[in-house]
Amino acid sequence: MTRSATVDPRPPDDARWRELLSCGGRAGRRIAGHDWAASPLGPLDSWPQSLRTALTICLHTPTPAAVWWGPELVLLPNDGYLALFDPAGRESPGRPGAAVWPDAVPALTEVLTAARVTCRHERDVDAGTGRRRLVCSSGPIVDALGRPGGVFTTVTDAPAADVPAQRAGDRRRALRQAEGLARLAGALSAAGNRAAVTEVVTTVTPALVGAAEVRVAVATAGALDLTVTGGDGPSRLAVADDEPLARVVREETPVPLPDGVCLPLRDGGGAVLGALEVRWSGPVADEEARRTLLDAVAGLCSQALRRAELTGSARAMAEFAARLSVTRSTAEAIEVILDAAPTALGAALPGLAMRDEGRRLRLWHGELPTGLVATFDDLTIDDPRPIARALRTGERIILRNRAEFAARHPGLPDPAGEYGMVTTVVLPLLDASRRPIAALGFGWPRERPLHDDDLALLDTIADLCEQTLERVRLAAAEHNLVTRLAGRLRASDTVGSPGLELATRYQPAMSGLHLGGDWYDLVDLDEGRLAVVVGDVVGHQVEAAADMAQLRTVVNTLIRSGVPLAEVFPRLTGLLGVGFLGTCLAMVVDPVAGVAQVARVGHPHPVLLRPGQPPETVWTGHSLPLGLVRDPVPVTTVAFGPGDLLVAYTDGLVERRDQAYEAGVAALHEVLVPVRDQPVEVIADTILSKLSGSDDDQALVVIRHAG
C-alpha cells in the first residue's frame, strides 16, 4: 500500500510560474518559449526558487536589468536591457556571460562566489543619436541555503556634464538604489532565521527607500496571529485585526496608505508569508520608480523569509529525529510524535489512532479538548471520518478548508472544524510491509497552502514515525524473547525458609538480543539457612550467557557441598581457570540465628534496611574480580533480625552513562525508603520501574526477615 495525496484544485506552481514569465514582455515570452533542456540551466520546470523569484522581479522591472545565473553566468535579460544591448533581437536567450560580455565576467564571478558583495561597470552603447555611457550595478542572488546562485544587474545612465542637474541627480539616485539593493541582498543572505531577516529589513530599508518607518509582519503558516517587527519593537497582531499589515495578509493584496503603502510578501507559489509596511514622513506621489524599488525590496524580503522558514523547518526536523531515536517503547514514541511532529509543522490538536481490540480504534492525543476527544470514543476501523479512513486505506488525506470536508463527507459532523481547525491533514503510518498501522492527524486554525516542499516534509515526518514505531515494536519483541530465555537459564526451584520473604527479578538490556551475563541463584541449606548468589559476567552475547550458566552451576555446587564462603571463589578459579571476567556476591542468610554472612568479589555492596532506620550499605573487605581470585575472600557478618530487608543487585541497576556510580546507589536508597514496608514483590517491581532505562541487564534479589 502506498501513500496517496488529495488532488489540488489550484493550478500547479509550474503553470503559474510560466504565466508570470510570459507576462514579462518580449523577453519573458522568449524565455518561456525557449527550449532549455540542453542548456546549463536545464529544463525550465527544474529551475530553483531563487532563480524564479529573481527573474520575475527582473522581467517586471521597468528599469533595464538582467539576471546572470550559474557558473556559466547565463544571461536572462528584461526588455529594457534588450533595448539597450540587443535592440534588433538577434541574440537567442541563454548565452553565457563569456560570449555576451567577456570583460565583465571576472567581476561578476567574484560576486557569484561571494569574493565581493557588489560590482560596478560602465559600458558605452550606440543610441542612434550618439554614444551613451551606462552604469551596470550588480549584486548576488542567494539560494534557499544562503549561497549565491546568480547575479542581479541593473542599468542606469552615467551622469554627464551636459545633462540637466535634475536628470543627473535622478541617475545618481537610481545608482545608489541599485547599490542599496545589492547591500540589502547581501545582508539578507547572512540572516539565519526570521528574526534576523526582519531585523535587516527594518534597519536597512528605510535609508534605501527614504522612508520614516518600516515594519514587517511575519505570518506563520496556518496561524491566527502575526509577529510584527519595527516601530516600538516586536509585537503580536491578530490576522483578523483591521490594521493594514493584517489586512494585507488576510486579503493577499496591497493596501495603499495616506503616507505609505503595505505590500504582501509571497513565496514562489504565491502564498503570503507576511507583509511589508513602508511609511514616509508625509504624503508621497505614486511614482513608478518608487513602486519598482519597493517591489524589489519585497521580493528580496520574501525570498529571505522563505529561506529562513526552510532552515527552521530543517532544524525542527533534526530535533524531531533526534528525540525519536532515543525512544525505547511504543508509548515513548507516541508521546514524542504527538509533541514534536506538530511543532515541526506549526500545527495544532494532534491525535494518533491505532487499532485496539476487534475493529475498535484507540486514540492517543496531546491535550485535545475534552469535547473533541469524546467524539472519537466510538471510533472503529469502518468509520468514514478521515483518521479512520487513513488507517483503513493508507491514504494521505489533506482538507484545505472545511468546505472541502463538507464536499467529501456530506452530512458528516465536522468536530475539527467546530474546534477551530481550517486546514487538516491525516498521515497514514505504514509498517515494513507497507500496511497501515496508525494514522496521525493535526490541523491549522487558518487555511494553509501546502506546496510540494510542504508535502515532502509531511512524507519525511511520516517516514520518521514509521521507522520509530517499527523499531520499538521489534525491540519489544526481542526484549520479551530475551526475558523468556533468561528466565529459563536463571530460574531456581522454589526455595527459602518459612522465616524469609523473597522476590527475584531479571531484566535484560533494552537494546537488541542481548542475552547477558547477569544472574541470581537461591540455594537451600540446612537448618533453615538460605544462600543467595548474584553475579555478572562481562559481555552481552551468547558467550557471556554460556559463561554465566557454567559459573552459576559451579558456585551452586560448591555452596551445596558445604564449602565456606571465604573459599568458594578461589575454588572456582582453581576449577575453571581465568578464561572469564566478572563480579559476584554470595550471602548466607540465617533467619534463626538472625545473621547474614556476605562475601563479595568486585560486586556492588548489598543494601540493608532496618525498621525505622535509613538504608545502609553493607561494606565488605576488598577482593579481586571474579576469575582472578586465588586467596580466601573476606567474609562480613551482619545482624539480620525480624523486619530487616536485604537487597542484592548487579551494577546495571545503578550505573548510567550520564551520572556517577554513587549517584545511582543513592537513587536506589531513595527508592527503597517509601516502599520499605510493602510486600517484597512490590518492592522489587518498584525498584525496576523507578530505576529503568539502563543499557545493561539487571538482576535483583530482595529478602525480608519475616520473624
# chains A, B, ... in the order shown; residues from 1 in each chain; ligands from 1
>>> closest_atom_pairs(of="segment 156-238 of chain A", to="segment 312-321 of chain A", cutoff="9 Å", atoms="only C-alpha atoms", output="tab-separated table")
residue	atom	partner	partner_atom	distance
A:Gly192	CA	A:Gly312	CA	8.8
A:Asn193	CA	A:Gly312	CA	7.0
A:Arg194	CA	A:Gly312	CA	8.6
>>> residues_around(residues="Leu558 of chain A", least_positions_apart="6", cutoff="12 Å", atoms="only C-alpha atoms", output="PyMOL selection string")
chain A and resi 523+525+531+533+551-552+564-573+575+586
>>> write_last_selection(atoms="C-alpha atoms", output="compact mmCIF listing (two decimals), in the first residue's frame")
# COMPACT_ATOMS: atom_id res chain seq x y z
CA VAL A 523 20.30 -22.37 47.39
CA LEU A 525 20.91 -25.04 53.11
CA ALA A 531 22.39 -18.96 50.20
CA VAL A 533 24.19 -15.55 44.83
CA LEU A 551 29.67 -20.24 36.77
CA ARG A 552 26.19 -20.47 38.26
CA PRO A 564 32.83 -21.98 53.33
CA LEU A 565 32.04 -18.64 51.70
CA ALA A 566 35.64 -17.48 52.01
CA GLU A 567 36.79 -20.46 49.89
CA VAL A 568 34.06 -20.51 47.21
CA PHE A 569 35.64 -18.02 44.80
CA PRO A 570 39.27 -19.24 44.94
CA ARG A 571 37.95 -22.80 44.46
CA LEU A 572 36.01 -21.51 41.43
CA THR A 573 39.21 -20.10 39.94
CA LEU A 575 38.27 -25.36 38.77
CA ALA A 586 27.40 -14.60 47.85
>>> closest_residue(among="A:Leu645, A:Val675, A:Ala439, A:Ala191", to="Glu309 of chain A", atoms="only C-alpha atoms")
A:Ala191
>>> closest_residue(among="A:Phe640, A:Trp519, A:Tyr506, A:Phe442", to="Pro611 of chain A", atoms="only C-alpha atoms")
A:Phe640
>>> select_by_dssp(residues="segment 89-321 of chain A", states="alpha helix (DSSP H)", output="mmCIF file with N, CA and C atoms, in the first residue's frame")
data_model
loop_
_atom_site.group_PDB
_atom_site.id
_atom_site.type_symbol
_atom_site.label_atom_id
_atom_site.label_comp_id
_atom_site.auth_asym_id
_atom_site.auth_seq_id
_atom_site.Cartn_x
_atom_site.Cartn_y
_atom_site.Cartn_z
ATOM 1 N N GLY A 97 27.884 34.321 -20.115
ATOM 2 C CA GLY A 97 28.474 35.638 -19.973
ATOM 3 C C GLY A 97 29.734 35.813 -20.785
ATOM 4 N N ALA A 98 30.528 34.748 -20.951
ATOM 5 C CA ALA A 98 31.774 34.858 -21.708
ATOM 6 C C ALA A 98 31.516 35.223 -23.159
ATOM 7 N N ALA A 99 30.330 34.864 -23.692
ATOM 8 C CA ALA A 99 30.017 35.187 -25.080
ATOM 9 C C ALA A 99 29.310 36.532 -25.205
ATOM 10 N N VAL A 100 28.657 36.981 -24.133
ATOM 11 C CA VAL A 100 27.875 38.215 -24.192
ATOM 12 C C VAL A 100 28.701 39.426 -23.773
ATOM 13 N N VAL A 105 33.013 39.331 -16.962
ATOM 14 C CA VAL A 105 32.927 38.008 -16.349
ATOM 15 C C VAL A 105 33.766 37.886 -15.074
ATOM 16 N N PRO A 106 35.021 38.360 -15.039
ATOM 17 C CA PRO A 106 35.799 38.209 -13.794
ATOM 18 C C PRO A 106 35.116 38.857 -12.582
ATOM 19 N N ALA A 107 34.621 40.091 -12.741
ATOM 20 C CA ALA A 107 33.985 40.773 -11.608
ATOM 21 C C ALA A 107 32.662 40.097 -11.238
ATOM 22 N N LEU A 108 31.871 39.700 -12.241
ATOM 23 C CA LEU A 108 30.613 39.010 -11.951
ATOM 24 C C LEU A 108 30.868 37.683 -11.237
ATOM 25 N N THR A 109 31.932 36.993 -11.626
ATOM 26 C CA THR A 109 32.276 35.723 -10.984
ATOM 27 C C THR A 109 32.644 35.935 -9.521
ATOM 28 N N GLU A 110 33.337 37.057 -9.231
ATOM 29 C CA GLU A 110 33.670 37.351 -7.837
ATOM 30 C C GLU A 110 32.403 37.563 -7.003
ATOM 31 N N VAL A 111 31.393 38.231 -7.572
ATOM 32 C CA VAL A 111 30.122 38.393 -6.864
ATOM 33 C C VAL A 111 29.448 37.033 -6.681
ATOM 34 N N LEU A 112 29.486 36.215 -7.733
ATOM 35 C CA LEU A 112 28.847 34.900 -7.678
ATOM 36 C C LEU A 112 29.477 34.008 -6.612
ATOM 37 N N ALA A 165 20.916 69.129 -14.231
ATOM 38 C CA ALA A 165 21.275 68.636 -12.898
ATOM 39 C C ALA A 165 20.222 67.679 -12.348
ATOM 40 N N GLN A 166 18.951 67.952 -12.683
ATOM 41 C CA GLN A 166 17.897 67.092 -12.164
ATOM 42 C C GLN A 166 18.034 65.675 -12.697
ATOM 43 N N ARG A 167 18.310 65.565 -13.996
ATOM 44 C CA ARG A 167 18.454 64.236 -14.584
ATOM 45 C C ARG A 167 19.681 63.533 -14.016
ATOM 46 N N ALA A 168 20.751 64.270 -13.832
ATOM 47 C CA ALA A 168 21.943 63.658 -13.250
ATOM 48 C C ALA A 168 21.653 63.176 -11.832
ATOM 49 N N GLY A 169 20.885 63.985 -11.072
ATOM 50 C CA GLY A 169 20.533 63.574 -9.715
ATOM 51 C C GLY A 169 19.679 62.325 -9.705
ATOM 52 N N ASP A 170 18.735 62.252 -10.663
ATOM 53 C CA ASP A 170 17.897 61.060 -10.744
ATOM 54 C C ASP A 170 18.730 59.819 -11.029
ATOM 55 N N ARG A 171 19.713 60.001 -11.919
ATOM 56 C CA ARG A 171 20.549 58.846 -12.265
ATOM 57 C C ARG A 171 21.422 58.425 -11.088
ATOM 58 N N ARG A 172 21.940 59.420 -10.376
ATOM 59 C CA ARG A 172 22.741 59.073 -9.205
ATOM 60 C C ARG A 172 21.878 58.368 -8.153
ATOM 61 N N ARG A 173 20.647 58.845 -8.000
ATOM 62 C CA ARG A 173 19.749 58.206 -7.045
ATOM 63 C C ARG A 173 19.453 56.761 -7.458
ATOM 64 N N ALA A 174 19.222 56.545 -8.752
ATOM 65 C CA ALA A 174 18.971 55.189 -9.239
ATOM 66 C C ALA A 174 20.175 54.287 -8.995
ATOM 67 N N LEU A 175 21.375 54.865 -9.192
ATOM 68 C CA LEU A 175 22.584 54.089 -8.946
ATOM 69 C C LEU A 175 22.700 53.738 -7.465
ATOM 70 N N ARG A 176 22.442 54.736 -6.595
ATOM 71 C CA ARG A 176 22.501 54.463 -5.165
ATOM 72 C C ARG A 176 21.474 53.400 -4.755
ATOM 73 N N GLN A 177 20.293 53.461 -5.377
ATOM 74 C CA GLN A 177 19.273 52.473 -5.052
ATOM 75 C C GLN A 177 19.698 51.064 -5.489
ATOM 76 N N ALA A 178 20.315 50.984 -6.671
ATOM 77 C CA ALA A 178 20.790 49.678 -7.142
ATOM 78 C C ALA A 178 21.853 49.124 -6.203
ATOM 79 N N GLU A 179 22.757 49.999 -5.776
ATOM 80 C CA GLU A 179 23.782 49.556 -4.837
ATOM 81 C C GLU A 179 23.161 49.203 -3.481
ATOM 82 N N GLY A 180 22.140 49.987 -3.076
ATOM 83 C CA GLY A 180 21.455 49.685 -1.822
ATOM 84 C C GLY A 180 20.749 48.340 -1.871
ATOM 85 N N LEU A 181 20.131 48.022 -3.031
ATOM 86 C CA LEU A 181 19.502 46.708 -3.179
ATOM 87 C C LEU A 181 20.533 45.593 -3.068
ATOM 88 N N ALA A 182 21.706 45.828 -3.644
ATOM 89 C CA ALA A 182 22.759 44.816 -3.547
ATOM 90 C C ALA A 182 23.195 44.629 -2.097
ATOM 91 N N ARG A 183 23.322 45.746 -1.337
ATOM 92 C CA ARG A 183 23.691 45.631 0.075
ATOM 93 C C ARG A 183 22.601 44.903 0.871
ATOM 94 N N LEU A 184 21.341 45.228 0.574
ATOM 95 C CA LEU A 184 20.235 44.557 1.257
ATOM 96 C C LEU A 184 20.267 43.060 0.972
ATOM 97 N N ALA A 185 20.490 42.697 -0.292
ATOM 98 C CA ALA A 185 20.544 41.276 -0.648
ATOM 99 C C ALA A 185 21.680 40.579 0.085
ATOM 100 N N GLY A 186 22.842 41.234 0.185
ATOM 101 C CA GLY A 186 23.965 40.633 0.893
ATOM 102 C C GLY A 186 23.678 40.445 2.369
ATOM 103 N N ALA A 187 23.069 41.457 3.004
ATOM 104 C CA ALA A 187 22.751 41.343 4.427
ATOM 105 C C ALA A 187 21.703 40.259 4.675
ATOM 106 N N LEU A 188 20.709 40.164 3.793
ATOM 107 C CA LEU A 188 19.678 39.142 3.965
ATOM 108 C C LEU A 188 20.248 37.738 3.778
ATOM 109 N N SER A 189 21.246 37.595 2.909
ATOM 110 C CA SER A 189 21.819 36.267 2.686
ATOM 111 C C SER A 189 22.504 35.733 3.932
ATOM 112 N N ARG A 194 14.119 33.983 10.913
ATOM 113 C CA ARG A 194 13.133 35.015 10.590
ATOM 114 C C ARG A 194 13.380 36.303 11.356
ATOM 115 N N ALA A 195 13.761 36.188 12.622
ATOM 116 C CA ALA A 195 14.019 37.387 13.408
ATOM 117 C C ALA A 195 15.156 38.196 12.807
ATOM 118 N N ALA A 196 16.203 37.505 12.346
ATOM 119 C CA ALA A 196 17.326 38.209 11.732
ATOM 120 C C ALA A 196 16.923 38.849 10.407
ATOM 121 N N VAL A 197 16.083 38.166 9.630
ATOM 122 C CA VAL A 197 15.616 38.725 8.353
ATOM 123 C C VAL A 197 14.834 40.015 8.592
ATOM 124 N N THR A 198 13.882 39.976 9.513
ATOM 125 C CA THR A 198 13.065 41.172 9.752
ATOM 126 C C THR A 198 13.901 42.300 10.346
ATOM 127 N N GLU A 199 14.917 41.966 11.131
ATOM 128 C CA GLU A 199 15.799 42.994 11.680
ATOM 129 C C GLU A 199 16.563 43.699 10.558
ATOM 130 N N VAL A 200 17.079 42.931 9.590
ATOM 131 C CA VAL A 200 17.788 43.521 8.453
ATOM 132 C C VAL A 200 16.856 44.426 7.651
ATOM 133 N N VAL A 201 15.655 43.934 7.361
ATOM 134 C CA VAL A 201 14.721 44.699 6.529
ATOM 135 C C VAL A 201 14.335 46.015 7.207
ATOM 136 N N THR A 202 14.036 45.960 8.501
ATOM 137 C CA THR A 202 13.567 47.174 9.187
ATOM 138 C C THR A 202 14.682 48.177 9.458
ATOM 139 N N THR A 203 15.941 47.744 9.419
ATOM 140 C CA THR A 203 17.049 48.674 9.667
ATOM 141 C C THR A 203 17.706 49.177 8.387
ATOM 142 N N VAL A 204 17.714 48.358 7.326
ATOM 143 C CA VAL A 204 18.395 48.739 6.076
ATOM 144 C C VAL A 204 17.447 49.435 5.103
ATOM 145 N N THR A 205 16.189 49.012 5.064
ATOM 146 C CA THR A 205 15.258 49.517 4.058
ATOM 147 C C THR A 205 14.931 51.006 4.195
ATOM 148 N N PRO A 206 14.766 51.567 5.407
ATOM 149 C CA PRO A 206 14.404 52.988 5.476
ATOM 150 C C PRO A 206 15.356 53.902 4.705
ATOM 151 N N ALA A 207 16.662 53.701 4.839
ATOM 152 C CA ALA A 207 17.611 54.530 4.101
ATOM 153 C C ALA A 207 17.536 54.253 2.606
ATOM 154 N N LEU A 208 17.267 53.010 2.242
ATOM 155 C CA LEU A 208 17.215 52.643 0.823
ATOM 156 C C LEU A 208 16.042 53.314 0.110
ATOM 157 N N VAL A 209 14.880 53.391 0.755
ATOM 158 C CA VAL A 209 13.691 53.939 0.103
ATOM 159 C C VAL A 209 13.340 55.328 0.611
ATOM 160 N N PRO A 244 -3.475 47.652 8.680
ATOM 161 C CA PRO A 244 -3.073 47.361 7.295
ATOM 162 C C PRO A 244 -2.246 46.085 7.165
ATOM 163 N N LEU A 245 -1.299 45.844 8.079
ATOM 164 C CA LEU A 245 -0.478 44.636 7.983
ATOM 165 C C LEU A 245 -1.338 43.378 8.012
ATOM 166 N N ALA A 246 -2.318 43.355 8.898
ATOM 167 C CA ALA A 246 -3.203 42.191 8.983
ATOM 168 C C ALA A 246 -4.095 42.087 7.752
ATOM 169 N N ARG A 247 -4.600 43.225 7.269
ATOM 170 C CA ARG A 247 -5.457 43.198 6.082
ATOM 171 C C ARG A 247 -4.714 42.656 4.873
ATOM 172 N N VAL A 248 -3.458 43.046 4.715
ATOM 173 C CA VAL A 248 -2.683 42.568 3.568
ATOM 174 C C VAL A 248 -2.517 41.054 3.623
ATOM 175 N N VAL A 249 -2.197 40.522 4.808
ATOM 176 C CA VAL A 249 -2.033 39.074 4.942
ATOM 177 C C VAL A 249 -3.357 38.365 4.712
ATOM 178 N N ARG A 250 -4.430 38.931 5.240
ATOM 179 C CA ARG A 250 -5.749 38.296 5.142
ATOM 180 C C ARG A 250 -6.294 38.357 3.721
ATOM 181 N N GLU A 251 -6.152 39.530 3.072
ATOM 182 C CA GLU A 251 -6.733 39.736 1.745
ATOM 183 C C GLU A 251 -5.747 39.446 0.620
ATOM 184 N N GLU A 288 6.237 55.435 -10.374
ATOM 185 C CA GLU A 288 6.540 54.095 -10.868
ATOM 186 C C GLU A 288 7.896 53.617 -10.357
ATOM 187 N N ALA A 289 8.891 54.528 -10.321
ATOM 188 C CA ALA A 289 10.219 54.146 -9.840
ATOM 189 C C ALA A 289 10.167 53.696 -8.387
ATOM 190 N N ARG A 290 9.367 54.392 -7.575
ATOM 191 C CA ARG A 290 9.258 54.012 -6.163
ATOM 192 C C ARG A 290 8.572 52.647 -6.031
ATOM 193 N N ARG A 291 7.528 52.438 -6.815
ATOM 194 C CA ARG A 291 6.848 51.147 -6.758
ATOM 195 C C ARG A 291 7.788 50.021 -7.169
ATOM 196 N N THR A 292 8.584 50.264 -8.201
ATOM 197 C CA THR A 292 9.527 49.247 -8.659
ATOM 198 C C THR A 292 10.538 48.914 -7.575
ATOM 199 N N LEU A 293 11.054 49.966 -6.920
ATOM 200 C CA LEU A 293 12.028 49.749 -5.858
ATOM 201 C C LEU A 293 11.407 48.959 -4.706
ATOM 202 N N LEU A 294 10.180 49.317 -4.317
ATOM 203 C CA LEU A 294 9.517 48.609 -3.224
ATOM 204 C C LEU A 294 9.229 47.157 -3.593
ATOM 205 N N ASP A 295 8.864 46.922 -4.851
ATOM 206 C CA ASP A 295 8.642 45.545 -5.294
ATOM 207 C C ASP A 295 9.922 44.726 -5.177
ATOM 208 N N ALA A 296 11.048 45.353 -5.531
ATOM 209 C CA ALA A 296 12.328 44.654 -5.423
ATOM 210 C C ALA A 296 12.654 44.336 -3.969
ATOM 211 N N VAL A 297 12.428 45.305 -3.075
ATOM 212 C CA VAL A 297 12.676 45.071 -1.650
ATOM 213 C C VAL A 297 11.777 43.948 -1.138
ATOM 214 N N ALA A 298 10.494 43.990 -1.513
ATOM 215 C CA ALA A 298 9.564 42.953 -1.067
ATOM 216 C C ALA A 298 9.988 41.581 -1.588
ATOM 217 N N GLY A 299 10.477 41.538 -2.830
ATOM 218 C CA GLY A 299 10.927 40.265 -3.385
ATOM 219 C C GLY A 299 12.115 39.696 -2.629
ATOM 220 N N LEU A 300 13.094 40.551 -2.310
ATOM 221 C CA LEU A 300 14.252 40.088 -1.552
ATOM 222 C C LEU A 300 13.843 39.627 -0.153
ATOM 223 N N CYS A 301 12.964 40.379 0.490
ATOM 224 C CA CYS A 301 12.488 40.012 1.826
ATOM 225 C C CYS A 301 11.735 38.683 1.781
ATOM 226 N N SER A 302 10.885 38.507 0.772
ATOM 227 C CA SER A 302 10.119 37.263 0.645
ATOM 228 C C SER A 302 11.045 36.066 0.495
ATOM 229 N N GLN A 303 12.053 36.226 -0.359
ATOM 230 C CA GLN A 303 12.979 35.122 -0.593
ATOM 231 C C GLN A 303 13.732 34.771 0.692
ATOM 232 N N ALA A 304 14.173 35.791 1.434
ATOM 233 C CA ALA A 304 14.904 35.541 2.677
ATOM 234 C C ALA A 304 14.007 34.886 3.727
ATOM 235 N N LEU A 305 12.751 35.314 3.817
ATOM 236 C CA LEU A 305 11.835 34.704 4.778
ATOM 237 C C LEU A 305 11.570 33.238 4.443
ATOM 238 N N ARG A 306 11.406 32.956 3.171
ATOM 239 C CA ARG A 306 11.176 31.574 2.770
ATOM 240 C C ARG A 306 12.394 30.712 3.084
ATOM 241 N N ARG A 307 13.585 31.256 2.825
ATOM 242 C CA ARG A 307 14.801 30.516 3.140
ATOM 243 C C ARG A 307 14.901 30.258 4.641
ATOM 244 N N ALA A 308 14.578 31.281 5.447
ATOM 245 C CA ALA A 308 14.613 31.120 6.903
ATOM 246 C C ALA A 308 13.580 30.089 7.360
ATOM 247 N N GLU A 309 12.418 30.085 6.707
ATOM 248 C CA GLU A 309 11.384 29.113 7.056
ATOM 249 C C GLU A 309 11.872 27.691 6.786
ATOM 250 N N LEU A 310 12.530 27.485 5.645
ATOM 251 C CA LEU A 310 13.050 26.164 5.313
ATOM 252 C C LEU A 310 14.156 25.753 6.275
ATOM 253 N N THR A 311 15.006 26.719 6.635
ATOM 254 C CA THR A 311 16.075 26.421 7.586
ATOM 255 C C THR A 311 15.509 26.039 8.941
ATOM 256 N N GLY A 312 14.521 26.806 9.415
ATOM 257 C CA GLY A 312 13.893 26.489 10.697
ATOM 258 C C GLY A 312 13.199 25.142 10.666
ATOM 259 N N SER A 313 12.571 24.836 9.542
ATOM 260 C CA SER A 313 11.899 23.546 9.409
ATOM 261 C C SER A 313 12.912 22.408 9.458
ATOM 262 N N ALA A 314 14.051 22.588 8.776
ATOM 263 C CA ALA A 314 15.090 21.556 8.799
ATOM 264 C C ALA A 314 15.628 21.359 10.211
ATOM 265 N N ARG A 315 15.780 22.460 10.946
ATOM 266 C CA ARG A 315 16.275 22.363 12.323
ATOM 267 C C ARG A 315 15.256 21.618 13.207
ATOM 268 N N ALA A 316 13.977 21.943 13.028
ATOM 269 C CA ALA A 316 12.942 21.266 13.810
ATOM 270 C C ALA A 316 12.873 19.777 13.471
ATOM 271 N N MET A 317 13.059 19.453 12.196
ATOM 272 C CA MET A 317 13.035 18.053 11.795
ATOM 273 C C MET A 317 14.215 17.294 12.385
ATOM 274 N N ALA A 318 15.389 17.943 12.441
ATOM 275 C CA ALA A 318 16.557 17.288 13.030
ATOM 276 C C ALA A 318 16.317 16.999 14.510
ATOM 277 N N GLU A 319 15.704 17.964 15.216
ATOM 278 C CA GLU A 319 15.401 17.761 16.630
ATOM 279 C C GLU A 319 14.361 16.650 16.798
ATOM 280 N N PHE A 320 13.370 16.632 15.915
ATOM 281 C CA PHE A 320 12.338 15.591 15.951
ATOM 282 C C PHE A 320 12.973 14.215 15.774
ATOM 283 N N ALA A 321 13.854 14.085 14.772
ATOM 284 C CA ALA A 321 14.514 12.800 14.520
ATOM 285 C C ALA A 321 15.375 12.389 15.709
#
>>> residues_around(residues="Pro428 of chain A", least_positions_apart="4", cutoff="7 Å", atoms="only C-alpha atoms", output="JSON, numbers by chain")
{"A": [390, 391, 394, 395, 396, 436, 438, 439, 440]}
>>> residues_around(residues="His365 of chain A", least_positions_apart="6", cutoff="8 Å", atoms="only C-alpha atoms", output="ChimeraX atom specification")
/A:338,349-352
>>> residues_around(residues="segment 237-243 of chain A", least_positions_apart="3", cutoff="6 Å", atoms="only C-alpha atoms", output="MDAnalysis selection string")
chainID A and resid 224:226 246
>>> select_by_dssp(residues="segment 97-164 of chain A", states="strand (DSSP E or B)", output="PDB file with C-alpha atoms, in the first residue's frame")
ATOM      1  CA  CYS A 119      30.492  45.305  -8.596  1.00  0.00           C
ATOM      2  CA  ARG A 120      30.024  48.271 -10.957  1.00  0.00           C
ATOM      3  CA  HIS A 121      30.831  48.587 -14.659  1.00  0.00           C
ATOM      4  CA  GLU A 122      30.467  51.353 -17.210  1.00  0.00           C
ATOM      5  CA  ARG A 123      29.550  50.434 -20.757  1.00  0.00           C
ATOM      6  CA  ASP A 124      29.087  52.503 -23.929  1.00  0.00           C
ATOM      7  CA  VAL A 125      26.280  51.836 -26.403  1.00  0.00           C
ATOM      8  CA  ASP A 126      25.250  53.448 -29.684  1.00  0.00           C
ATOM      9  CA  ARG A 131      27.029  57.331 -27.695  1.00  0.00           C
ATOM     10  CA  ARG A 132      25.526  56.694 -24.260  1.00  0.00           C
ATOM     11  CA  ARG A 133      27.518  55.706 -21.229  1.00  0.00           C
ATOM     12  CA  LEU A 134      25.667  53.261 -18.990  1.00  0.00           C
ATOM     13  CA  VAL A 135      26.402  52.125 -15.430  1.00  0.00           C
ATOM     14  CA  CYS A 136      25.756  48.444 -14.628  1.00  0.00           C
ATOM     15  CA  SER A 137      25.476  47.711 -10.877  1.00  0.00           C
ATOM     16  CA  SER A 138      25.472  44.061  -9.802  1.00  0.00           C
ATOM     17  CA  GLY A 139      24.803  42.136  -6.581  1.00  0.00           C
ATOM     18  CA  PRO A 140      24.339  38.463  -5.574  1.00  0.00           C
ATOM     19  CA  ILE A 141      21.177  36.337  -5.762  1.00  0.00           C
ATOM     20  CA  VAL A 142      21.206  33.810  -2.932  1.00  0.00           C
ATOM     21  CA  PRO A 148      24.968  32.923  -4.183  1.00  0.00           C
ATOM     22  CA  GLY A 149      23.456  31.225  -7.203  1.00  0.00           C
ATOM     23  CA  GLY A 150      23.498  34.127  -9.618  1.00  0.00           C
ATOM     24  CA  VAL A 151      23.998  37.860 -10.084  1.00  0.00           C
ATOM     25  CA  PHE A 152      21.366  40.608 -10.493  1.00  0.00           C
ATOM     26  CA  THR A 153      22.364  43.618 -12.638  1.00  0.00           C
ATOM     27  CA  THR A 154      20.542  46.935 -13.018  1.00  0.00           C
ATOM     28  CA  VAL A 155      21.478  49.529 -15.692  1.00  0.00           C
ATOM     29  CA  THR A 156      21.318  53.314 -15.414  1.00  0.00           C
ATOM     30  CA  ASP A 157      22.735  56.215 -17.435  1.00  0.00           C
TER      31      ASP A 157
END
>>> atom_distance(atom1="atom CA of Pro634 of chain A", atom2="atom CA of Gly621 of chain A")
5.4 Å
>>> atom_distance(atom1="atom CA of Arg29 of chain A", atom2="atom CA of Asp45 of chain A")
15.2 Å
>>> residues_around(residues="Gly270 of chain A", least_positions_apart="4", cutoff="10 Å", atoms="only C-alpha atoms", output="list of chain:residue names")
A:Asp13, A:Arg16, A:Trp17, A:Glu252, A:Pro264, A:Leu265, A:Arg266, A:Pro449
>>> residues_around(residues="Gln597 of chain A", least_positions_apart="3", cutoff="7 Å", atoms="only C-alpha atoms", output="JSON, numbers by chain")
{"A": [587, 588, 589, 635, 636, 637, 638]}
>>> closest_residue(among="A:Gly641, A:Gly652, A:Gly664, A:Pro386", to="Arg704 of chain A", atoms="only C-alpha atoms")
A:Gly641
